[in-house]
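Text of the file protein_39.txt, holding compact mmCIF, C-alpha atoms:
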# COMPACT_ATOMS: atom_id res chain seq x y z
CA MET A 1 126.91 110.89 181.38
CA ASN A 2 123.22 110.53 182.16
CA HIS A 3 123.03 108.79 185.55
CA ARG A 4 120.17 106.64 184.24
CA LEU A 5 122.12 105.44 181.20
CA ARG A 6 121.69 101.70 180.63
CA THR A 7 123.49 99.53 178.14
CA VAL A 8 121.35 97.54 175.73
CA VAL A 9 123.50 94.61 174.65
CA CYS A 10 122.20 93.72 171.17
CA VAL A 11 123.12 90.21 170.03
CA VAL A 12 123.50 89.14 166.40
CA GLY A 13 124.53 85.64 165.43
CA ALA A 14 123.21 84.70 161.99
CA ARG A 15 122.64 86.97 159.01
CA PRO A 16 118.84 87.29 159.41
CA ASN A 17 119.59 88.84 162.82
CA TYR A 18 121.40 91.76 161.20
CA MET A 19 118.25 93.02 159.46
CA LYS A 20 116.36 92.83 162.75
CA VAL A 21 118.96 94.55 164.92
CA ALA A 22 119.98 97.31 162.45
CA PRO A 23 116.94 99.58 162.94
CA ILE A 24 116.87 98.94 166.71
CA ALA A 25 120.55 99.84 167.12
CA ALA A 26 120.05 102.99 165.07
CA GLU A 27 117.07 104.03 167.19
CA LEU A 28 118.92 103.25 170.44
CA GLY A 29 121.70 105.55 169.24
CA ARG A 30 119.20 108.43 169.40
CA SER A 31 118.04 107.62 172.94
CA SER A 32 118.98 109.86 175.87
CA CYS A 33 118.91 107.05 178.45
CA LEU A 34 119.94 103.92 176.55
CA SER A 35 123.26 103.09 174.93
CA PRO A 36 123.62 100.23 172.39
CA VAL A 37 126.45 97.70 172.42
CA LEU A 38 126.60 95.30 169.49
CA ILE A 39 127.85 91.75 170.07
CA HIS A 40 128.42 89.39 167.13
CA THR A 41 128.62 85.77 168.26
CA GLY A 42 130.18 84.63 164.99
CA GLN A 43 127.56 81.90 164.46
CA HIS A 44 127.60 82.93 160.78
CA TYR A 45 131.27 83.54 160.30
CA ASP A 46 132.04 84.27 156.63
CA PRO A 47 134.01 87.53 156.95
CA ASP A 48 133.18 88.81 153.46
CA MET A 49 129.44 88.27 153.91
CA ASN A 50 129.47 89.68 157.43
CA GLU A 51 131.25 92.85 156.37
CA ARG A 52 128.99 93.23 153.35
CA PHE A 53 125.81 92.96 155.41
CA PHE A 54 127.02 95.37 158.09
CA SER A 55 128.11 97.87 155.45
CA GLU A 56 124.90 97.62 153.40
CA LEU A 57 122.72 98.05 156.49
CA GLY A 58 124.74 100.98 157.81
CA MET A 59 125.57 99.14 161.04
CA PRO A 60 128.69 99.96 163.03
CA ALA A 61 131.34 97.29 163.47
CA PRO A 62 130.46 95.01 166.41
CA ASP A 63 131.88 96.00 169.79
CA ALA A 64 132.91 92.35 170.19
CA ASN A 65 132.98 89.27 167.97
CA LEU A 66 132.85 85.98 169.89
CA GLU A 67 133.98 84.01 166.80
CA VAL A 68 132.23 80.77 167.78
CA GLY A 69 132.00 79.45 164.21
CA SER A 70 130.17 76.34 163.10
CA ALA A 71 129.62 73.27 165.28
CA SER A 72 126.86 70.99 166.54
CA HIS A 73 123.92 72.72 168.21
CA ALA A 74 125.19 71.77 171.67
CA VAL A 75 128.79 72.86 171.10
CA GLN A 76 127.82 76.09 169.37
CA THR A 77 125.32 77.05 172.09
CA ALA A 78 127.82 76.22 174.83
CA GLN A 79 130.61 78.22 173.19
CA VAL A 80 128.37 81.27 172.83
CA MET A 81 127.47 81.07 176.52
CA ILE A 82 131.11 80.68 177.63
CA ARG A 83 132.33 83.59 175.50
CA PHE A 84 129.34 85.90 176.08
CA GLU A 85 129.46 85.93 179.89
CA PRO A 86 132.75 87.87 180.32
CA VAL A 87 131.63 90.42 177.71
CA LEU A 88 128.35 90.89 179.56
CA ASP A 89 130.20 91.35 182.87
CA GLN A 90 131.81 94.50 181.46
CA ALA A 91 128.53 96.18 180.45
CA ILE A 92 127.08 99.02 182.54
CA ALA A 93 123.58 98.30 183.89
CA PRO A 94 122.91 95.92 181.01
CA ILE A 95 119.75 94.80 179.31
CA VAL A 96 120.26 91.93 176.85
CA LEU A 97 118.28 92.17 173.61
CA VAL A 98 118.06 89.06 171.44
CA VAL A 99 116.20 88.58 168.18
CA GLY A 100 114.76 85.65 166.27
CA ASP A 101 115.35 81.99 167.01
CA VAL A 102 118.97 80.98 166.32
CA ASN A 103 121.32 79.27 168.80
CA SER A 104 122.86 82.62 169.74
CA THR A 105 119.40 83.84 170.78
CA ILE A 106 118.80 81.19 173.44
CA ALA A 107 122.47 81.04 174.52
CA CYS A 108 122.79 84.75 175.32
CA ALA A 109 119.32 84.89 176.88
CA LEU A 110 120.24 82.01 179.21
CA VAL A 111 123.46 83.69 180.35
CA ALA A 112 121.63 86.94 181.10
CA ALA A 113 118.68 85.31 182.85
CA LYS A 114 120.94 83.30 185.18
CA LYS A 115 122.81 86.48 186.10
CA GLY A 116 119.59 88.32 186.90
CA ILE A 117 119.95 90.64 183.89
CA PRO A 118 116.76 91.62 182.04
CA VAL A 119 116.19 89.79 178.73
CA VAL A 120 114.31 91.33 175.81
CA HIS A 121 113.14 89.09 172.96
CA VAL A 122 112.27 90.69 169.64
CA GLU A 123 110.06 88.53 167.39
CA ALA A 124 108.56 86.65 170.35
CA GLY A 125 105.62 84.28 170.32
CA LEU A 126 106.01 82.83 166.82
CA ARG A 127 105.22 79.11 166.76
CA SER A 128 105.33 76.45 164.05
CA ARG A 129 104.37 73.77 166.61
CA ASP A 130 107.01 71.56 165.06
CA ARG A 131 109.41 70.55 167.85
CA THR A 132 111.67 68.78 165.35
CA MET A 133 112.84 72.25 164.27
CA PRO A 134 115.72 73.46 166.49
CA GLU A 135 114.45 77.01 165.97
CA GLU A 136 111.13 76.13 167.61
CA ILE A 137 112.93 74.94 170.76
CA ASN A 138 114.95 78.16 170.79
CA ARG A 139 111.79 80.29 170.43
CA VAL A 140 109.84 78.60 173.21
CA LEU A 141 112.69 78.61 175.73
CA THR A 142 113.79 82.18 175.01
CA ASP A 143 110.26 83.46 175.54
CA GLN A 144 110.03 81.67 178.88
CA ILE A 145 113.03 83.53 180.32
CA SER A 146 112.40 86.95 178.75
CA ASP A 147 111.25 89.97 180.74
CA LEU A 148 109.96 91.91 177.72
CA LEU A 149 108.55 90.20 174.65
CA PHE A 150 108.01 92.13 171.42
CA THR A 151 105.68 90.54 168.86
CA THR A 152 105.28 90.98 165.11
CA GLU A 153 101.67 89.77 164.81
CA ARG A 154 98.70 89.64 167.16
CA SER A 155 98.38 85.85 167.17
CA ALA A 156 101.69 85.66 169.05
CA LEU A 157 100.04 86.90 172.26
CA GLY A 158 97.71 83.88 172.31
CA ASN A 159 100.70 81.55 171.95
CA LEU A 160 102.51 83.24 174.82
CA THR A 161 99.57 83.41 177.25
CA ALA A 162 98.85 79.72 176.54
CA GLU A 163 102.41 79.04 177.71
CA GLY A 164 101.88 80.94 180.97
CA ILE A 165 103.54 84.22 180.05
CA ALA A 166 101.89 87.29 181.57
CA ALA A 167 100.27 89.55 178.98
CA GLU A 168 101.75 92.69 180.56
CA ARG A 169 105.22 91.52 179.51
CA VAL A 170 104.13 91.31 175.86
CA HIS A 171 104.11 94.29 173.47
CA PHE A 172 102.79 94.14 169.91
CA VAL A 173 105.11 96.48 168.00
CA GLY A 174 105.21 95.27 164.39
CA ASN A 175 108.09 93.81 162.42
CA VAL A 176 111.63 95.26 162.48
CA MET A 177 112.52 93.21 159.36
CA ILE A 178 110.06 95.42 157.50
CA ASP A 179 111.64 98.57 158.98
CA THR A 180 114.88 97.49 157.28
CA LEU A 181 113.14 96.50 154.05
CA MET A 182 111.32 99.83 153.71
CA ALA A 183 114.43 101.85 154.52
CA ASN A 184 116.53 100.00 151.93
CA LEU A 185 114.07 99.38 149.09
CA PRO A 186 115.24 102.44 147.10
CA ARG A 187 118.82 101.07 147.30
CA ALA A 188 117.97 97.53 146.13
CA ILE A 189 120.41 96.23 143.51
CA GLN A 190 118.87 95.37 140.15
CA PRO A 191 118.79 91.62 139.34
CA SER A 192 120.55 92.25 136.02
CA VAL A 193 123.58 93.58 137.92
CA THR A 194 123.64 90.64 140.34
CA LEU A 195 123.38 88.05 137.57
CA ALA A 196 125.96 89.81 135.38
CA GLU A 197 128.45 89.57 138.27
CA ALA A 198 127.92 85.79 138.15
CA GLY A 199 128.33 85.68 134.36
CA LEU A 200 124.62 85.05 133.80
CA GLU A 201 121.98 86.84 131.73
CA LEU A 202 118.77 88.07 133.31
CA PRO A 203 115.70 86.26 131.91
CA GLU A 204 112.77 88.44 130.94
CA ARG A 205 110.74 86.80 133.72
CA PHE A 206 112.10 84.70 136.56
CA SER A 207 111.26 83.01 139.83
CA LEU A 208 113.48 82.96 142.92
CA ALA A 209 114.14 79.94 145.15
CA THR A 210 115.98 79.38 148.43
CA LEU A 211 116.39 76.10 150.33
CA HIS A 212 118.28 75.50 153.57
CA ARG A 213 116.08 73.63 156.08
CA PRO A 214 117.47 70.21 157.05
CA SER A 215 114.11 68.61 156.22
CA ASN A 216 114.53 69.80 152.62
CA VAL A 217 118.25 69.45 151.94
CA ASP A 218 119.67 66.74 154.21
CA GLU A 219 117.94 63.71 152.67
CA PRO A 220 119.25 63.18 149.11
CA GLY A 221 115.94 61.83 147.81
CA MET A 222 113.97 64.86 149.00
CA LEU A 223 116.64 67.24 147.74
CA ALA A 224 116.59 65.58 144.30
CA THR A 225 112.78 65.78 144.21
CA LEU A 226 112.77 69.49 145.01
CA LEU A 227 115.54 70.31 142.53
CA GLY A 228 113.65 68.36 139.87
CA CYS A 229 110.52 70.34 140.68
CA LEU A 230 112.43 73.63 140.40
CA ALA A 231 113.86 72.55 137.04
CA GLU A 232 110.34 71.82 135.80
CA ILE A 233 109.24 75.31 136.92
CA GLY A 234 112.31 76.69 135.16
CA ARG A 235 111.04 75.51 131.76
CA ASP A 236 108.56 78.40 131.77
CA LEU A 237 109.99 80.62 134.51
CA PRO A 238 113.78 80.28 135.01
CA VAL A 239 114.63 79.80 138.68
CA VAL A 240 117.32 82.03 140.19
CA MET A 241 118.68 80.11 143.19
CA PRO A 242 121.14 81.70 145.65
CA LEU A 243 122.71 78.73 147.41
CA HIS A 244 123.30 78.65 151.15
CA PRO A 245 126.79 77.12 151.68
CA ARG A 246 125.23 74.20 153.54
CA THR A 247 122.78 73.57 150.68
CA ARG A 248 125.57 73.63 148.09
CA ALA A 249 127.55 71.14 150.19
CA ARG A 250 124.51 68.81 150.43
CA ILE A 251 123.94 69.01 146.65
CA GLU A 252 127.57 68.11 145.98
CA ALA A 253 127.62 65.33 148.58
CA ALA A 254 124.49 63.78 147.04
CA GLY A 255 125.99 63.91 143.54
CA LEU A 256 123.24 66.27 142.35
CA SER A 257 125.37 69.13 140.98
CA GLY A 258 124.38 68.14 137.43
CA MET A 259 120.80 69.22 138.21
CA LEU A 260 122.04 72.81 138.36
CA ASP A 261 123.69 72.57 134.93
CA ASN A 262 120.62 72.93 132.75
CA ARG A 263 119.95 76.69 132.51
CA LEU A 264 116.53 76.03 134.04
CA ILE A 265 118.00 76.72 137.48
CA LEU A 266 120.49 79.61 137.70
CA PRO A 267 122.64 78.96 140.80
CA LEU A 268 124.32 81.85 142.61
CA GLY A 269 126.48 82.17 145.69
CA PRO A 270 125.06 83.75 148.87
CA LEU A 271 123.77 87.25 148.15
CA GLY A 272 124.14 90.45 150.10
CA TYR A 273 121.00 92.04 151.52
CA LEU A 274 120.54 94.65 148.78
CA SER A 275 121.04 92.09 145.99
CA MET A 276 118.54 89.70 147.57
CA LEU A 277 116.06 92.52 148.07
CA GLY A 278 116.32 93.41 144.38
CA MET A 279 115.78 89.77 143.42
CA MET A 280 112.68 89.40 145.60
CA LYS A 281 111.20 92.69 144.43
CA SER A 282 111.50 91.71 140.74
CA ALA A 283 110.62 88.00 140.90
CA LYS A 284 107.27 86.82 139.59
CA LEU A 285 107.24 84.14 142.28
CA VAL A 286 109.37 83.08 145.25
CA LEU A 287 109.75 79.50 146.52
CA THR A 288 111.39 79.17 149.91
CA ASP A 289 111.65 77.45 153.28
CA SER A 290 112.88 80.64 155.00
CA GLY A 291 110.81 82.41 157.64
CA GLY A 292 112.16 85.87 156.90
CA ILE A 293 111.52 85.58 153.17
CA GLN A 294 107.88 84.71 153.87
CA GLU A 295 107.61 88.08 155.64
CA GLU A 296 109.56 90.07 153.08
CA THR A 297 107.55 88.76 150.11
CA THR A 298 104.33 89.65 151.92
CA ALA A 299 105.61 93.20 152.46
CA LEU A 300 106.63 93.41 148.79
CA GLY A 301 103.37 91.92 147.48
CA VAL A 302 105.20 89.08 145.68
CA PRO A 303 103.58 85.60 145.61
CA CYS A 304 105.43 83.14 147.86
CA LEU A 305 105.18 79.35 148.02
CA THR A 306 106.62 77.98 151.27
CA LEU A 307 108.07 74.49 150.84
CA ARG A 308 107.16 73.37 154.35
CA ASP A 309 104.15 71.79 156.07
CA ASN A 310 103.94 74.52 158.71
CA THR A 311 104.91 78.12 159.36
CA GLU A 312 105.60 80.12 162.50
CA ARG A 313 104.44 83.23 160.61
CA PRO A 314 100.72 82.58 159.98
CA ILE A 315 99.99 86.25 159.25
CA THR A 316 101.83 85.84 155.92
CA VAL A 317 99.31 83.16 154.92
CA GLU A 318 96.21 84.71 156.49
CA CYS A 319 96.56 88.19 155.01
CA GLY A 320 99.79 88.14 153.02
CA THR A 321 100.96 86.61 149.75
CA ASN A 322 102.27 83.34 151.21
CA THR A 323 100.87 79.83 150.60
CA LEU A 324 102.05 76.70 152.42
CA VAL A 325 102.57 74.03 149.78
CA GLY A 326 104.59 71.31 151.50
CA ARG A 327 106.96 69.35 149.29
CA ASP A 328 104.70 67.45 146.90
CA PRO A 329 105.81 68.32 143.34
CA GLY A 330 102.29 67.94 141.93
CA ARG A 331 100.87 70.49 144.33
CA ILE A 332 103.80 72.86 143.89
CA LEU A 333 103.57 72.78 140.09
CA ALA A 334 99.78 73.21 140.15
CA LEU A 335 100.10 76.32 142.32
CA VAL A 336 102.88 77.72 140.13
CA ARG A 337 100.58 77.34 137.11
CA GLU A 338 97.74 78.99 139.04
CA ILE A 339 99.95 81.94 139.96
CA GLY A 340 100.97 82.22 136.30
CA THR A 341 97.30 82.48 135.36
CA THR A 342 95.93 84.63 138.19
CA GLY A 343 98.99 86.51 139.42
CA GLY A 344 98.72 84.84 142.84
CA LYS A 345 97.31 86.04 146.13
CA ALA A 346 96.98 89.83 146.26
CA GLY A 347 97.45 89.98 150.01
CA ARG A 348 97.88 93.09 152.12
CA ILE A 349 100.58 94.41 154.41
CA PRO A 350 99.90 93.22 157.98
CA GLU A 351 99.02 95.52 160.83
CA MET A 352 101.90 97.68 162.09
CA TRP A 353 104.34 96.49 159.43
CA ASP A 354 104.85 100.18 158.74
CA GLY A 355 108.58 100.77 159.18
CA GLN A 356 108.17 102.11 162.73
CA ALA A 357 108.62 98.95 164.84
CA ALA A 358 112.08 99.94 166.14
CA LYS A 359 110.74 103.27 167.39
CA ARG A 360 108.01 101.47 169.33
CA ILE A 361 110.51 99.00 170.80
CA VAL A 362 112.85 101.71 172.03
CA ALA A 363 109.96 103.69 173.53
CA VAL A 364 109.02 100.65 175.63
CA LEU A 365 112.66 100.06 176.61
CA GLU A 366 113.01 103.67 177.76
CA ARG A 367 110.01 103.26 180.06
CA PHE A 368 111.36 99.93 181.30
CA SER A 369 114.81 101.35 182.11
Please render this file's structure as structure tokens.
Amino acid sequence: MNHRLRTVVCVVGARPNYMKVAPIAAELGRSSCLSPVLIHTGQHYDPDMNERFFSELGMPAPDANLEVGSASHAVQTAQVMIRFEPVLDQAIAPIVLVVGDVNSTIACALVAAKKGIPVVHVEAGLRSRDRTMPEEINRVLTDQISDLLFTTERSALGNLTAEGIAAERVHFVGNVMIDTLMANLPRAIQPSVTLAEAGLELPERFSLATLHRPSNVDEPGMLATLLGCLAEIGRDLPVVMPLHPRTRARIEAAGLSGMLDNRLILPLGPLGYLSMLGMMKSAKLVLTDSGGIQEETTALGVPCLTLRDNTERPITVECGTNTLVGRDPGRILALVREIGTTGGKAGRIPEMWDGQAAKRIVAVLERFS
């Protein structure tokens, strides 16, 4: 064994993490001085969906699954920390690599930092400046305790230096989500196949919608307003809507299930990565409150309306296909009509979103080790 071999402990917790870690883990597997270990915290714990994502992305089975499951933010974060520490103690000369902004990200970074183990944060420096979002708290705190910070867009460096983080710790490498998208685009599953599996017919033209943010789904009045808006869009452009389990539960609890029974909105269960990629690629328009989908639609050149008042991914608005529309139905419908007339923002693929971000990350890690 190479005497300089170091273990890079790659943490995944929620499904968006898988797409970020997959290309990094693959690249680490080709390194002569770094060895990847994959830890799944179990924050997203549906076994069928987990196995499907890992299989579709060509990822090996995790070396350990902490099986923390669902709980309040405090309990979930605490359980990840408690269960991660003994796993970390077994790693040889570890470096802990965390991605994104979920509870597993901050929990594992905290454990490593307090043990004097280097922390690497992929997707650092993104800011919505909305401290009511738990993800924003996770982003800010993880960046503060990270030794290496890898950014997806240049504006992130300004955010980090304003928070007192030394520029030499920050590396602009591009977007690993786009590495995964580019590698898998030829394998994307056609929407007709996905809808047929759900007993639905593919409309000639369709839009795609996803909702999961608490600000959009937790208050029944807001949820009803947004579903009504989607139904109105569906009159001209049927809305395919994969439902996050939490969103489905909120719809049922609010007594709004009937709003999905009109053929204007076509509800689906959670989709695998390749099915979702096929949907996004073929949609005329995407409506979402997801950060990752804002990036993926920009890379695909598909118009995206983000149903939020802010975004931590400004590059998707500044040079991509994304538009922040908030949650006012009048504005949303006006922009949908405009996209129907003009085709929407043309946009361009942002700098260094070229499918090579993982290579750049591993090159920096090899120098660091």
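We find CA of Asp261 in chain A and CA of Leu305 in chain A to be spaced 23.7 Å apart.
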| Between A:Asp218, A:Ile265, A:Leu223, A:Gly234, which has the minimum distance to Arg327 in chain A (counting only C-alpha atoms)? | A:Leu223
| query | From the set A:Val193, A:Ala112, A:Ala253, A:Leu266, which residue has the shortest atom-to-atom contact distance to Val87 in chain A, counting all atoms listed in the file? | reply | A:Ala112
| task | Find the residues with any atom within 12 Å of (124.1, 94.5, 163.8); use all atoms listed in the file and the coordinates as given in the file, and write the answer as a ChimeraX atom specification. | result | /A:9-26,36-42,50-65,97-99,180
| Contacts of Met279 in chain A at 12 Å or less, counting all atoms listed in the file, minus same-chain residues fewer than 4 places along, as a ChimeraX atom specification? | /A:185,188-195,202,205-210,239-242,268,271-275,283-286,293,296-297,300,302
Preceding selection exported with C-alpha atoms as a PDB file, keeping the file's coordinate frame:
ATOM      1  CA  LEU A 185     114.070  99.380 149.090  1.00  0.00           C
ATOM      2  CA  ALA A 188     117.970  97.530 146.130  1.00  0.00           C
ATOM      3  CA  ILE A 189     120.410  96.230 143.510  1.00  0.00           C
ATOM      4  CA  GLN A 190     118.870  95.370 140.150  1.00  0.00           C
ATOM      5  CA  PRO A 191     118.790  91.620 139.340  1.00  0.00           C
ATOM      6  CA  SER A 192     120.550  92.250 136.020  1.00  0.00           C
ATOM      7  CA  VAL A 193     123.580  93.580 137.920  1.00  0.00           C
ATOM      8  CA  THR A 194     123.640  90.640 140.340  1.00  0.00           C
ATOM      9  CA  LEU A 195     123.380  88.050 137.570  1.00  0.00           C
ATOM     10  CA  LEU A 202     118.770  88.070 133.310  1.00  0.00           C
ATOM     11  CA  ARG A 205     110.740  86.800 133.720  1.00  0.00           C
ATOM     12  CA  PHE A 206     112.100  84.700 136.560  1.00  0.00           C
ATOM     13  CA  SER A 207     111.260  83.010 139.830  1.00  0.00           C
ATOM     14  CA  LEU A 208     113.480  82.960 142.920  1.00  0.00           C
ATOM     15  CA  ALA A 209     114.140  79.940 145.150  1.00  0.00           C
ATOM     16  CA  THR A 210     115.980  79.380 148.430  1.00  0.00           C
ATOM     17  CA  VAL A 239     114.630  79.800 138.680  1.00  0.00           C
ATOM     18  CA  VAL A 240     117.320  82.030 140.190  1.00  0.00           C
ATOM     19  CA  MET A 241     118.680  80.110 143.190  1.00  0.00           C
ATOM     20  CA  PRO A 242     121.140  81.700 145.650  1.00  0.00           C
ATOM     21  CA  LEU A 268     124.320  81.850 142.610  1.00  0.00           C
ATOM     22  CA  LEU A 271     123.770  87.250 148.150  1.00  0.00           C
ATOM     23  CA  GLY A 272     124.140  90.450 150.100  1.00  0.00           C
ATOM     24  CA  TYR A 273     121.000  92.040 151.520  1.00  0.00           C
ATOM     25  CA  LEU A 274     120.540  94.650 148.780  1.00  0.00           C
ATOM     26  CA  SER A 275     121.040  92.090 145.990  1.00  0.00           C
ATOM     27  CA  ALA A 283     110.620  88.000 140.900  1.00  0.00           C
ATOM     28  CA  LYS A 284     107.270  86.820 139.590  1.00  0.00           C
ATOM     29  CA  LEU A 285     107.240  84.140 142.280  1.00  0.00           C
ATOM     30  CA  VAL A 286     109.370  83.080 145.250  1.00  0.00           C
ATOM     31  CA  ILE A 293     111.520  85.580 153.170  1.00  0.00           C
ATOM     32  CA  GLU A 296     109.560  90.070 153.080  1.00  0.00           C
ATOM     33  CA  THR A 297     107.550  88.760 150.110  1.00  0.00           C
ATOM     34  CA  LEU A 300     106.630  93.410 148.790  1.00  0.00           C
ATOM     35  CA  VAL A 302     105.200  89.080 145.680  1.00  0.00           C
TER      36      VAL A 302
END
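Between Gly29 in chain A and the residues A:Lys359, A:Arg248, A:Arg337, A:Arg139, the shortest atom-to-atom distance, using all atoms listed in the file, involves A:Lys359.
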| query | Using only C-alpha atoms, which of A:Pro220, A:Gly278, A:Gly340, A:Gly199 sits nearest Leu237 in chain A? | reply | A:Gly340
| So which one's closest to Glu351 in chain A, A:Gly320, A:Pro329, A:Pro214, A:Gly228? Using all atoms listed in the file, please. |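 Residue with the minimum atom-to-atom distance to Glu351 in chain A: A:Gly320.
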| query | How many Å separate CA of Pro118 in chain A from CA of Glu135 in chain A? | reply | 21.8 Å
| field | Atomic separation - CA of Gly269 in chain A relative to CA of Gly255 in chain A, Å | value |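 It comes out at 18.4 Å.
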| said: Counting only C-alpha atoms, find residues at most 12 Å from (100.6, 77.9, 176.4) (file frame) and give them as number ranges by chain. | reply: A: 125, 127, 129, 140, 143-144, 156-167
| Near-Val173 in chain A list (10 Å; all atoms listed in the file; drop same-chain fewer than 3 positions) as a PyMOL selection string | chain A and resi 122-123+149-154+170+176+351-354+356-361+364
For range 169-176 of chain A of the structure just presented, write all heavy atoms to a file, as a compact mmCIF listing (two decimals), in the first residue's frame.
# COMPACT_ATOMS: atom_id res chain seq x y z
N ARG A 169 -8.18 29.00 0.64
CA ARG A 169 -8.87 27.74 0.95
C ARG A 169 -9.96 27.43 -0.07
O ARG A 169 -10.53 26.34 -0.06
CB ARG A 169 -9.49 27.80 2.35
CG ARG A 169 -8.47 27.73 3.48
CD ARG A 169 -9.00 28.31 4.79
NE ARG A 169 -10.25 27.72 5.23
CZ ARG A 169 -11.04 28.25 6.17
NH1 ARG A 169 -10.69 29.40 6.75
NH2 ARG A 169 -12.16 27.67 6.53
N VAL A 170 -10.25 28.38 -0.94
CA VAL A 170 -11.39 28.28 -1.87
C VAL A 170 -10.88 27.95 -3.27
O VAL A 170 -9.93 28.55 -3.76
CB VAL A 170 -12.19 29.59 -1.89
CG1 VAL A 170 -13.39 29.47 -2.82
CG2 VAL A 170 -12.62 29.98 -0.47
N HIS A 171 -11.54 26.98 -3.91
CA HIS A 171 -11.16 26.56 -5.26
C HIS A 171 -12.42 26.50 -6.13
O HIS A 171 -13.36 25.78 -5.82
CB HIS A 171 -10.50 25.18 -5.23
CG HIS A 171 -9.25 25.14 -4.41
ND1 HIS A 171 -7.99 25.31 -4.94
CD2 HIS A 171 -9.08 24.97 -3.07
CE1 HIS A 171 -7.09 25.23 -3.98
NE2 HIS A 171 -7.72 25.03 -2.83
N PHE A 172 -12.41 27.29 -7.20
CA PHE A 172 -13.52 27.28 -8.16
C PHE A 172 -13.30 26.13 -9.13
O PHE A 172 -12.34 26.13 -9.91
CB PHE A 172 -13.56 28.63 -8.90
CG PHE A 172 -14.55 28.69 -10.03
CD1 PHE A 172 -15.83 28.18 -9.89
CD2 PHE A 172 -14.21 29.30 -11.23
CE1 PHE A 172 -16.75 28.25 -10.92
CE2 PHE A 172 -15.11 29.38 -12.28
CZ PHE A 172 -16.38 28.85 -12.13
N VAL A 173 -14.16 25.13 -9.07
CA VAL A 173 -13.93 23.90 -9.84
C VAL A 173 -15.06 23.56 -10.80
O VAL A 173 -14.92 22.63 -11.62
CB VAL A 173 -13.71 22.69 -8.90
CG1 VAL A 173 -12.43 22.84 -8.11
CG2 VAL A 173 -14.92 22.48 -7.97
N GLY A 174 -16.20 24.26 -10.72
CA GLY A 174 -17.35 23.87 -11.53
C GLY A 174 -18.32 23.04 -10.71
O GLY A 174 -18.25 22.98 -9.49
N ASN A 175 -19.22 22.37 -11.40
CA ASN A 175 -20.40 21.77 -10.75
C ASN A 175 -20.44 20.26 -10.98
O ASN A 175 -20.66 19.80 -12.10
CB ASN A 175 -21.65 22.43 -11.33
CG ASN A 175 -22.89 22.13 -10.53
OD1 ASN A 175 -22.99 21.10 -9.87
ND2 ASN A 175 -23.86 23.03 -10.58
N VAL A 176 -20.24 19.48 -9.90
CA VAL A 176 -20.24 18.02 -10.05
C VAL A 176 -21.62 17.47 -10.45
O VAL A 176 -21.71 16.39 -11.04
CB VAL A 176 -19.74 17.30 -8.77
CG1 VAL A 176 -18.25 17.46 -8.61
CG2 VAL A 176 -20.48 17.78 -7.54
